[in-house]
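Okay, structure first, notes after.
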Amino acid sequence: MKTDFFRKRILESINDPTLQTALDNNTERRLKGRDLAFASIPDWRERRIRAHNIRADVIERLDEYLETFIARNEANGVIVHRAKDAREAVGIVLEIVKDMPQSRRERGEDQKNIPVHLRSSVANPVLIAKSKSMVSEEIELNHALEKEGIRVVETDLGEYIVQLRHERPSHIITPAAHLKKEQVAQLFHENLGIPYTDDITELTAAARKVLRNIFLTADIGLSGVNFGAAETGAVCIVTNEGNGRMVTTLPKTHIALMGMERLVPNLDDLALMLSLLPRSATGQKLTVYTQLLHKPMPGQTRHLIILDNGRSRIRASPLKESLYCIRCGACLNACPVFRELGGHAYIGRDKSIAPYPGPIGSVISPGLFGENYVHLAQASSLCGACRDACPVDIDLPKLLTRVRAGQSSSPSGRGARGEGNNGGAGLTWSTKFFLQMYTRLSTQPKLFALSQKFASLTTTLLSPRSGWMRLPAFTGWGYSKDLPRFAGKTFRERIGNRKLGIGTLGNSELVNSSQPQSTNPPTSQSTNLLTDQFTTELTALSGNVHQTENAANTIIEFLISRNIKKIYLQPNVLDDNLLRQANINFTHEPDPQIAVGVTKAWVGLADTGSVLEADEELPGSLLPEVHIVVLKSKDILPSLPDAMPMVKDKNAVFITGPSRTADIEMTLTIGVHGPKELHVFVDVSNSG
Amino acid sequence: MPYNGLMPAVQLFITCLTDSFFPQTGEAVVSILHRLGMDVDFPPDQTCCGQPQFNAGLRRDARAVAEHTIKVFERPPRSLKTLEVLPDIVTPSGSCAHHFRHNYLELFEGDSVWYPRAKALADRTYEFTEYLVDKLGVTDLGAKWDGALTYHPSCHTLRGINVGRQPRALLANVHGATLVDLPNAEECCGFGGVMSVEHPELSAEWLKRKISNLEATQSPTLVVTDAGCLMHIMGGLKRQGKKQRVIHIAEVLNHR
Ligand code: SF4
């Protein structure tokens, strides 16, 4: 196969200093973050095996789990659609748009104020606010919708940036990982009409402003799905910026788009996955907003589109294990190939950028789309860093060799076990020829020995003086290194015959190796300890914890000290009279103008510094700039799994710190779409 | 001395790279095993393990070579006829050990004739340092070295067959040597067999990084457990006109 187009793209990436700096930056921070996050779960090896087994079971019995999951969702009032391919999925979305009531919200916005790229060709178009979904990239949804005059706006900061640049995301977790802040600065300057600034906080604030209006006026919110829990029908969506929560809760219609393989059996299994996904993806113990949605919000319609698009075929193929993937992106960060290329160099024969880059992409892109991408699997040294990083222990090197062996069943239905029709898929003909010759030699020992003699002679003639020879670059090897001369006498010649005999007995200074065992002493946990741990964890995430004997009074003091006059208040959280006495206005109705919201947590989680709340309380917990939470210290539980029984059939959100992003140059910025400040008032009194 | 039926024995799989390019590594392996009282058998018909073909996706070819290798190692050593079970196989390459242990099983999965034979081979295969430490319980070979050493854990040794602590334990007991940590040691050097030819531009970038990490240690000597990495990194050093050298761990351990 000729793969010059791919090699050319590889060279372009390697020779792009801006890209290389950005990629080094991504790699180094992500690897470090991941190591640190895993240090807090010493049993991660066992978790990883459990996670692997859970995913294996799900993929094995996928039909059963899907049936339960769909039935639960329908019972919960969710409209479920199955799409067998991209065309069907796009068709379903278009149908939903067509059936929308004609009277759409008045946006009061002038097309002139909309960034050029995001303008629609039709007047008053349907507006879709979208949070990150790799599946939508896979089916090229945006493109299809825009063709129909629908306005689609990506709301994840990184996705928004690449959308403005007319690019594909270059990383499944950090879409703009390939860009430097100056490039974003110029982009925002040109598109958002703001003065040029490369201050990342200012850039983030500018995007927040534009996108906030999108959230509030969108007709439809469209999101991906991180996990579905079959037993309860929960749809789990995680985002750090808060955009996922916005698009799933604010618009009157929510469309969730999921790959059919994204299931786990139940909420306990989900808790396990959630202990691994954010650690692997972003080095966090828990993503800031971890939503578990069971039913539509009041007055909302929710559609769930479950996509096959080749997954059933992969499931029946030797690449099945690739479906265990939870899309954490850790294998990308660990991969030395990705580190040189970035996501945009993984291109198909038709020059299209593969929807999924990195090691997992080099398996599933050919798995889903066949031939066009098989050569990607050859670009790997099979070093195994990907497998090492994978939280569900997918044997990626093995799968890469299967793609190379032509076992990726193509959409046309070819491919079987063993060597497929396309053994040596993506290999250049010269390498293939050489290897086939080598097979002949390797199966005929006499010929093998003879060829060694011949090679030794030739290389000695070529390089009589030095033990190392310079080969020309086109040989591949000669591109960056010299080749050793073949030994004048091979090992087999030197030892003469088969039997080497016995040596003298081993010497007495030999010592045995010993294997140290480490143990973890169990700790007893009391409420106090849990509160302290909660405080430490949340504080580390730039959250604020106030321990108090009287939450109401302390909150009112806080509001007065900050000169706050009006708040959104979740009903029955604070005594209305106390607020009135303090001259603080409050409302129980959603009001996007309000800067402070007060809500009540069901429970807290000590080991991640999270609070669990009703997702419906977003007027208090998501829209304002400051979010105040009331939490009783006796309600602080050790860890995520302990809280799962409370979620059962509710719409719940675990909030872990103020909203944040690292989409520009991996620089942590607090306060994106959600609150900039999170204050948890922990009531340590024994009453109530 | 003929085999007396009491001495423990091993079969040596030397690997095609060591055989053709670095015979001195093989001699060091034999000499160490001899000193430990082992009887070493070298089946003369051995060639290559077939990993290049396997990794390239040429499974039919890989199978042909694997079948040859399995047959060669199934023949009981002439002098060891009295043994009821075949001895362990030792190889100075984590990569070839990984290939025997994992890829052979992948190749013959579902094959009722060859799978059990491949499995039997896999089960008695050990990488050299693994054999010394885990099987023989040896960590001090009385080796002596003057100066600094730094260690690059080869990918297939470390992640392929999970042999990480064994080479380090052995190096820690080399008398007189100063062990220096190699920064980002676990990164691939870019050899990757066929990849270094198929994607030389990628391979070159990693090699550059490996060499600059090596330079940062100021150690003149880099120790590896695989002839592939040795040939690759050394080839890069030669090309760049650098003075450092790369050496197989067996030669260090045999240095007295
Ligand atoms: S293959 Fe593993 S490491 Fe890679 S994205 Fe999927 S789950 Fe993460």
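By order of appearance in the structure tokens: chains A, B, ..., then residues from 1 within every chain, and ligands from 1 in the order shown.
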All strand (DSSP E) residues (DSSP, backbone) inside segment 115-360 of chain A, as JSON, numbers by chain: {"A": [127, 128, 129, 130, 151, 152, 153, 154, 220, 221, 222, 223, 227, 228, 229, 234, 235, 236, 237, 238, 239, 253, 254, 255, 256, 257, 258, 259, 263, 264, 289, 290, 291, 292, 293, 301, 302, 303, 304, 305, 306, 307]}
Test item: residues at most 9 Å from Asn173 of chain B, only C-alpha atoms, excluding those fewer than 3 positions along its chain, as number ranges by chain: B: 139-144, 168-170, 176-177
File dump, residues just selected, C-alpha atoms, as a PDB file, in the first residue's frame:
```pdb
ATOM      1  CA  THR B 139      20.275 -11.047  42.495  1.00  0.00           C
ATOM      2  CA  ASP B 140      24.011 -10.792  43.055  1.00  0.00           C
ATOM      3  CA  LEU B 141      26.264 -12.268  40.434  1.00  0.00           C
ATOM      4  CA  GLY B 142      29.434 -10.789  41.809  1.00  0.00           C
ATOM      5  CA  ALA B 143      29.712  -8.482  38.830  1.00  0.00           C
ATOM      6  CA  LYS B 144      32.029  -5.493  38.968  1.00  0.00           C
ATOM      7  CA  ARG B 168      17.021  -3.291  38.550  1.00  0.00           C
ATOM      8  CA  ALA B 169      17.643  -5.711  41.393  1.00  0.00           C
ATOM      9  CA  LEU B 170      20.487  -7.287  39.472  1.00  0.00           C
ATOM     10  CA  GLY B 176      31.432  -0.395  41.947  1.00  0.00           C
ATOM     11  CA  ALA B 177      28.734   0.840  39.588  1.00  0.00           C
TER      12      ALA B 177
END
```
List the spatial neighbours of segment 57-59 of chain B as a PDB file with N, CA and C atoms, in the first residue's frame - criterion: any atom at most 8 Å away, only C-alpha atoms, same-chain residues fewer than 6 positions off excluded.
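Output saved as out27.pdb:
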```pdb
ATOM      1  N   THR A 401      -2.365  -5.151  16.332  1.00  0.00           N
ATOM      2  CA  THR A 401      -1.821  -6.195  15.453  1.00  0.00           C
ATOM      3  C   THR A 401      -2.959  -6.913  14.721  1.00  0.00           C
ATOM      4  N   ARG A 402      -4.132  -6.953  15.324  1.00  0.00           N
ATOM      5  CA  ARG A 402      -5.261  -7.577  14.622  1.00  0.00           C
ATOM      6  C   ARG A 402      -5.716  -6.730  13.436  1.00  0.00           C
ATOM      7  N   VAL A 403      -5.696  -5.405  13.632  1.00  0.00           N
ATOM      8  CA  VAL A 403      -6.037  -4.538  12.494  1.00  0.00           C
ATOM      9  C   VAL A 403      -5.010  -4.758  11.392  1.00  0.00           C
ATOM     10  N   ARG A 404      -3.737  -4.837  11.775  1.00  0.00           N
ATOM     11  CA  ARG A 404      -2.679  -5.042  10.795  1.00  0.00           C
ATOM     12  C   ARG A 404      -2.855  -6.374  10.076  1.00  0.00           C
ATOM     13  N   ALA A 405      -3.423  -7.345  10.800  1.00  0.00           N
ATOM     14  CA  ALA A 405      -3.618  -8.657  10.192  1.00  0.00           C
ATOM     15  C   ALA A 405      -4.874  -8.682   9.328  1.00  0.00           C
ATOM     16  N   GLY A 406      -5.492  -7.540   9.162  1.00  0.00           N
ATOM     17  CA  GLY A 406      -6.662  -7.486   8.293  1.00  0.00           C
ATOM     18  C   GLY A 406      -7.921  -8.020   8.950  1.00  0.00           C
ATOM     19  N   GLY A 418      -8.221 -15.030  12.136  1.00  0.00           N
ATOM     20  CA  GLY A 418      -6.987 -15.404  11.446  1.00  0.00           C
ATOM     21  C   GLY A 418      -6.578 -14.252  10.557  1.00  0.00           C
ATOM     22  N   GLU A 419      -5.839 -14.565   9.545  1.00  0.00           N
ATOM     23  CA  GLU A 419      -5.405 -13.486   8.670  1.00  0.00           C
ATOM     24  C   GLU A 419      -6.510 -13.167   7.685  1.00  0.00           C
ATOM     25  N   GLY A 423      -3.989  -9.240   5.086  1.00  0.00           N
ATOM     26  CA  GLY A 423      -2.884  -9.431   6.024  1.00  0.00           C
ATOM     27  C   GLY A 423      -1.777  -8.447   5.691  1.00  0.00           C
ATOM     28  N   GLY A 424      -1.216  -7.833   6.718  1.00  0.00           N
ATOM     29  CA  GLY A 424      -0.218  -6.796   6.457  1.00  0.00           C
ATOM     30  C   GLY A 424      -0.898  -5.519   6.018  1.00  0.00           C
ATOM     31  N   ALA A 425      -2.119  -5.282   6.558  1.00  0.00           N
ATOM     32  CA  ALA A 425      -2.881  -4.102   6.166  1.00  0.00           C
ATOM     33  C   ALA A 425      -2.083  -2.832   6.422  1.00  0.00           C
TER      34      ALA A 425
ATOM     35  N   LEU B 107      -1.807 -16.238  18.023  1.00  0.00           N
ATOM     36  CA  LEU B 107      -1.695 -16.820  16.680  1.00  0.00           C
ATOM     37  C   LEU B 107      -2.453 -18.137  16.543  1.00  0.00           C
TER      38      LEU B 107
END
```
Asp123 of chain B surroundings by only C-alpha atoms, 12 Å radius, close-in-sequence under 6 positions cut, as a list of chain:residue names: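 After dropping sequence-adjacent residues, the list is B:Leu86, B:Pro87, B:Asp88, B:Ile89, B:Val90, B:Ala97, B:His98, B:Phe100, B:Arg101, B:His102, B:Tyr104, B:Leu105, B:Pro116, B:Arg117.
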Got time to write the residues from that selection, N, CA, C and O atoms, as a CSV table (one decimal), in the first residue's frame?
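So result20.csv came out as:
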```
chain,number,residue,atom,x,y,z
B,86,LEU,N,10.5,-31.2,29.4
B,86,LEU,CA,11.5,-30.3,28.7
B,86,LEU,C,11.9,-29.2,29.7
B,86,LEU,O,11.1,-28.7,30.5
B,87,PRO,N,13.2,-28.8,29.6
B,87,PRO,CA,13.6,-27.7,30.5
B,87,PRO,C,13.1,-26.3,30.1
B,87,PRO,O,12.4,-26.2,29.1
B,88,ASP,N,13.3,-25.4,31.0
B,88,ASP,CA,12.9,-24.0,30.7
B,88,ASP,C,13.7,-23.4,29.6
B,88,ASP,O,14.8,-23.9,29.3
B,89,ILE,N,13.0,-22.5,28.9
B,89,ILE,CA,13.7,-21.8,27.8
B,89,ILE,C,14.1,-20.4,28.3
B,89,ILE,O,13.3,-19.7,29.0
B,90,VAL,N,15.3,-20.0,28.1
B,90,VAL,CA,15.8,-18.7,28.6
B,90,VAL,C,16.2,-17.9,27.3
B,90,VAL,O,16.8,-18.5,26.4
B,97,ALA,N,10.5,-13.0,24.4
B,97,ALA,CA,9.8,-13.7,25.5
B,97,ALA,C,8.3,-13.4,25.4
B,97,ALA,O,7.4,-14.2,25.5
B,98,HIS,N,8.0,-12.1,25.2
B,98,HIS,CA,6.7,-11.6,25.1
B,98,HIS,C,6.0,-12.3,23.9
B,98,HIS,O,4.8,-12.6,23.9
B,100,PHE,N,6.7,-15.2,22.5
B,100,PHE,CA,6.4,-16.6,22.8
B,100,PHE,C,5.2,-16.7,23.7
B,100,PHE,O,4.3,-17.5,23.5
B,101,ARG,N,5.2,-15.8,24.7
B,101,ARG,CA,4.2,-16.0,25.8
B,101,ARG,C,2.8,-15.5,25.4
B,101,ARG,O,1.8,-16.1,25.8
B,102,HIS,N,2.8,-14.4,24.7
B,102,HIS,CA,1.4,-13.9,24.4
B,102,HIS,C,1.0,-14.0,22.9
B,102,HIS,O,0.0,-14.5,22.6
B,104,TYR,N,2.2,-16.0,20.5
B,104,TYR,CA,2.0,-17.3,20.0
B,104,TYR,C,0.6,-17.8,20.3
B,104,TYR,O,-0.1,-18.5,19.6
B,105,LEU,N,0.1,-17.5,21.5
B,105,LEU,CA,-1.2,-17.9,21.9
B,105,LEU,C,-2.3,-17.2,21.1
B,105,LEU,O,-3.3,-17.8,20.7
B,116,PRO,N,-2.1,-26.0,22.1
B,116,PRO,CA,-1.5,-26.6,23.3
B,116,PRO,C,0.0,-26.6,23.2
B,116,PRO,O,0.7,-26.5,24.2
B,117,ARG,N,0.5,-26.8,22.0
B,117,ARG,CA,2.0,-26.8,21.8
B,117,ARG,C,2.5,-25.4,22.1
B,117,ARG,O,3.6,-25.3,22.7
```
Within 6 Å of ligand 1, counting only C-alpha atoms and all ligand atoms, which protein or nucleic acid residues do you find, written as an mmCIF file with all heavy atoms, in the first residue's frame?
```cif
data_model
loop_
_atom_site.group_PDB
_atom_site.id
_atom_site.type_symbol
_atom_site.label_atom_id
_atom_site.label_comp_id
_atom_site.auth_asym_id
_atom_site.auth_seq_id
_atom_site.Cartn_x
_atom_site.Cartn_y
_atom_site.Cartn_z
ATOM 1 N N CYS A 325 -14.057 0.435 25.638
ATOM 2 C CA CYS A 325 -13.512 1.787 25.829
ATOM 3 C C CYS A 325 -14.506 2.731 26.499
ATOM 4 O O CYS A 325 -15.679 2.752 26.159
ATOM 5 C CB CYS A 325 -13.098 2.346 24.461
ATOM 6 S SG CYS A 325 -12.570 4.060 24.519
ATOM 7 N N ILE A 326 -14.029 3.522 27.447
ATOM 8 C CA ILE A 326 -14.879 4.523 28.091
ATOM 9 C C ILE A 326 -14.474 5.934 27.672
ATOM 10 O O ILE A 326 -14.839 6.903 28.314
ATOM 11 C CB ILE A 326 -14.882 4.378 29.633
ATOM 12 C CG1 ILE A 326 -13.477 4.529 30.221
ATOM 13 C CG2 ILE A 326 -15.489 3.030 30.035
ATOM 14 C CD1 ILE A 326 -13.457 4.605 31.747
ATOM 15 N N ARG A 327 -13.700 6.052 26.593
ATOM 16 C CA ARG A 327 -13.358 7.342 25.990
ATOM 17 C C ARG A 327 -12.732 8.333 26.982
ATOM 18 O O ARG A 327 -13.176 9.473 27.084
ATOM 19 C CB ARG A 327 -14.597 8.003 25.378
ATOM 20 C CG ARG A 327 -15.281 7.196 24.319
ATOM 21 C CD ARG A 327 -14.608 7.280 22.974
ATOM 22 N NE ARG A 327 -15.445 6.649 21.969
ATOM 23 C CZ ARG A 327 -15.427 5.345 21.688
ATOM 24 N NH1 ARG A 327 -14.603 4.535 22.317
ATOM 25 N NH2 ARG A 327 -16.213 4.851 20.751
ATOM 26 N N CYS A 328 -11.719 7.858 27.691
ATOM 27 C CA CYS A 328 -11.093 8.738 28.674
ATOM 28 C C CYS A 328 -9.935 9.512 28.060
ATOM 29 O O CYS A 328 -9.487 10.514 28.598
ATOM 30 C CB CYS A 328 -10.606 7.926 29.861
ATOM 31 S SG CYS A 328 -9.167 6.924 29.458
ATOM 32 N N GLY A 329 -9.403 9.024 26.970
ATOM 33 C CA GLY A 329 -8.307 9.733 26.301
ATOM 34 C C GLY A 329 -6.935 9.462 26.904
ATOM 35 O O GLY A 329 -5.938 10.014 26.436
ATOM 36 N N ALA A 330 -6.866 8.611 27.937
ATOM 37 C CA ALA A 330 -5.563 8.368 28.575
ATOM 38 C C ALA A 330 -4.572 7.732 27.610
ATOM 39 O O ALA A 330 -3.376 8.018 27.650
ATOM 40 C CB ALA A 330 -5.739 7.476 29.807
ATOM 41 N N CYS A 331 -5.077 6.875 26.728
ATOM 42 C CA CYS A 331 -4.151 6.216 25.804
ATOM 43 C C CYS A 331 -3.564 7.219 24.810
ATOM 44 O O CYS A 331 -2.449 7.045 24.331
ATOM 45 C CB CYS A 331 -4.816 5.045 25.087
ATOM 46 S SG CYS A 331 -6.282 5.444 24.133
ATOM 47 N N ILE A 360 -6.595 4.099 20.537
ATOM 48 C CA ILE A 360 -7.939 3.531 20.416
ATOM 49 C C ILE A 360 -8.532 3.893 19.058
ATOM 50 O O ILE A 360 -9.214 3.085 18.428
ATOM 51 C CB ILE A 360 -8.866 3.978 21.582
ATOM 52 C CG1 ILE A 360 -10.242 3.296 21.488
ATOM 53 C CG2 ILE A 360 -9.078 5.483 21.613
ATOM 54 C CD1 ILE A 360 -10.221 1.795 21.660
ATOM 55 N N ALA A 389 -1.941 2.594 30.356
ATOM 56 C CA ALA A 389 -2.710 3.756 30.806
ATOM 57 C C ALA A 389 -4.206 3.478 30.826
ATOM 58 O O ALA A 389 -4.956 4.181 31.488
ATOM 59 C CB ALA A 389 -2.434 4.942 29.887
ATOM 60 N N CYS A 390 -4.633 2.469 30.121
ATOM 61 C CA CYS A 390 -6.078 2.266 29.932
ATOM 62 C C CYS A 390 -6.768 1.825 31.221
ATOM 63 O O CYS A 390 -6.413 0.810 31.803
ATOM 64 C CB CYS A 390 -6.330 1.235 28.837
ATOM 65 S SG CYS A 390 -8.087 0.922 28.590
ATOM 66 N N PRO A 391 -7.769 2.574 31.680
ATOM 67 C CA PRO A 391 -8.428 2.251 32.948
ATOM 68 C C PRO A 391 -9.287 0.991 32.880
ATOM 69 O O PRO A 391 -9.696 0.482 33.912
ATOM 70 C CB PRO A 391 -9.300 3.481 33.215
ATOM 71 C CG PRO A 391 -9.559 4.066 31.862
ATOM 72 C CD PRO A 391 -8.318 3.798 31.066
ATOM 73 N N VAL A 392 -9.573 0.513 31.673
ATOM 74 C CA VAL A 392 -10.328 -0.734 31.580
ATOM 75 C C VAL A 392 -9.472 -1.841 30.953
ATOM 76 O O VAL A 392 -9.990 -2.856 30.511
ATOM 77 C CB VAL A 392 -11.665 -0.565 30.812
ATOM 78 C CG1 VAL A 392 -12.654 0.217 31.651
ATOM 79 C CG2 VAL A 392 -11.474 0.143 29.478
ATOM 80 N N ILE A 394 -7.728 -2.421 28.223
ATOM 81 C CA ILE A 394 -7.922 -2.926 26.862
ATOM 82 C C ILE A 394 -6.537 -3.232 26.286
ATOM 83 O O ILE A 394 -5.640 -2.400 26.351
ATOM 84 C CB ILE A 394 -8.641 -1.881 25.981
ATOM 85 C CG1 ILE A 394 -10.039 -1.619 26.533
ATOM 86 C CG2 ILE A 394 -8.710 -2.343 24.528
ATOM 87 C CD1 ILE A 394 -10.787 -0.515 25.823
#
```
Residues of chain B within 6 Å of chain A, counting only C-alpha atoms, as a PyMOL selection string: chain B and resi 19-21+23+34-45+47-48+55-59+61+65+68+137-140+155+192+195+197+200+204+235-236+239
Shell around Gly190 of chain B at 7 Å using only C-alpha atoms, local window under 2 positions removed, as number ranges by chain: A: 381; B: 188, 192, 196, 203, 206-207
Members of segment 6-246 of chain B assigned alpha helix (DSSP H) by DSSP, as a ChimeraX atom specification: /B:16-21,23-35,51-56,59-74,94-98,104-108,114-123,128-130,155,165-172,195-198,200-217,227-239
Å distance separating atom CA of Val684 of chain A from atom CA of Asn553 of chain A, one decimal place: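 Taking atom CA of Val684 of chain A as the start and atom CA of Asn553 of chain A as the end point, the length is 13.4 Å.
You can rank B:Gly241, B:Gly50, B:Pro76, B:Gly160 by their closest distance to Val10 of chain B using only C-alpha atoms, and at the top of that list sits B:Pro76.
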Contacts of Thr18 of chain A within 9 Å, only C-alpha atoms, excl. fewer than 4 positions in-chain, as a PyMOL selection string: chain A and resi 22-23+178-180
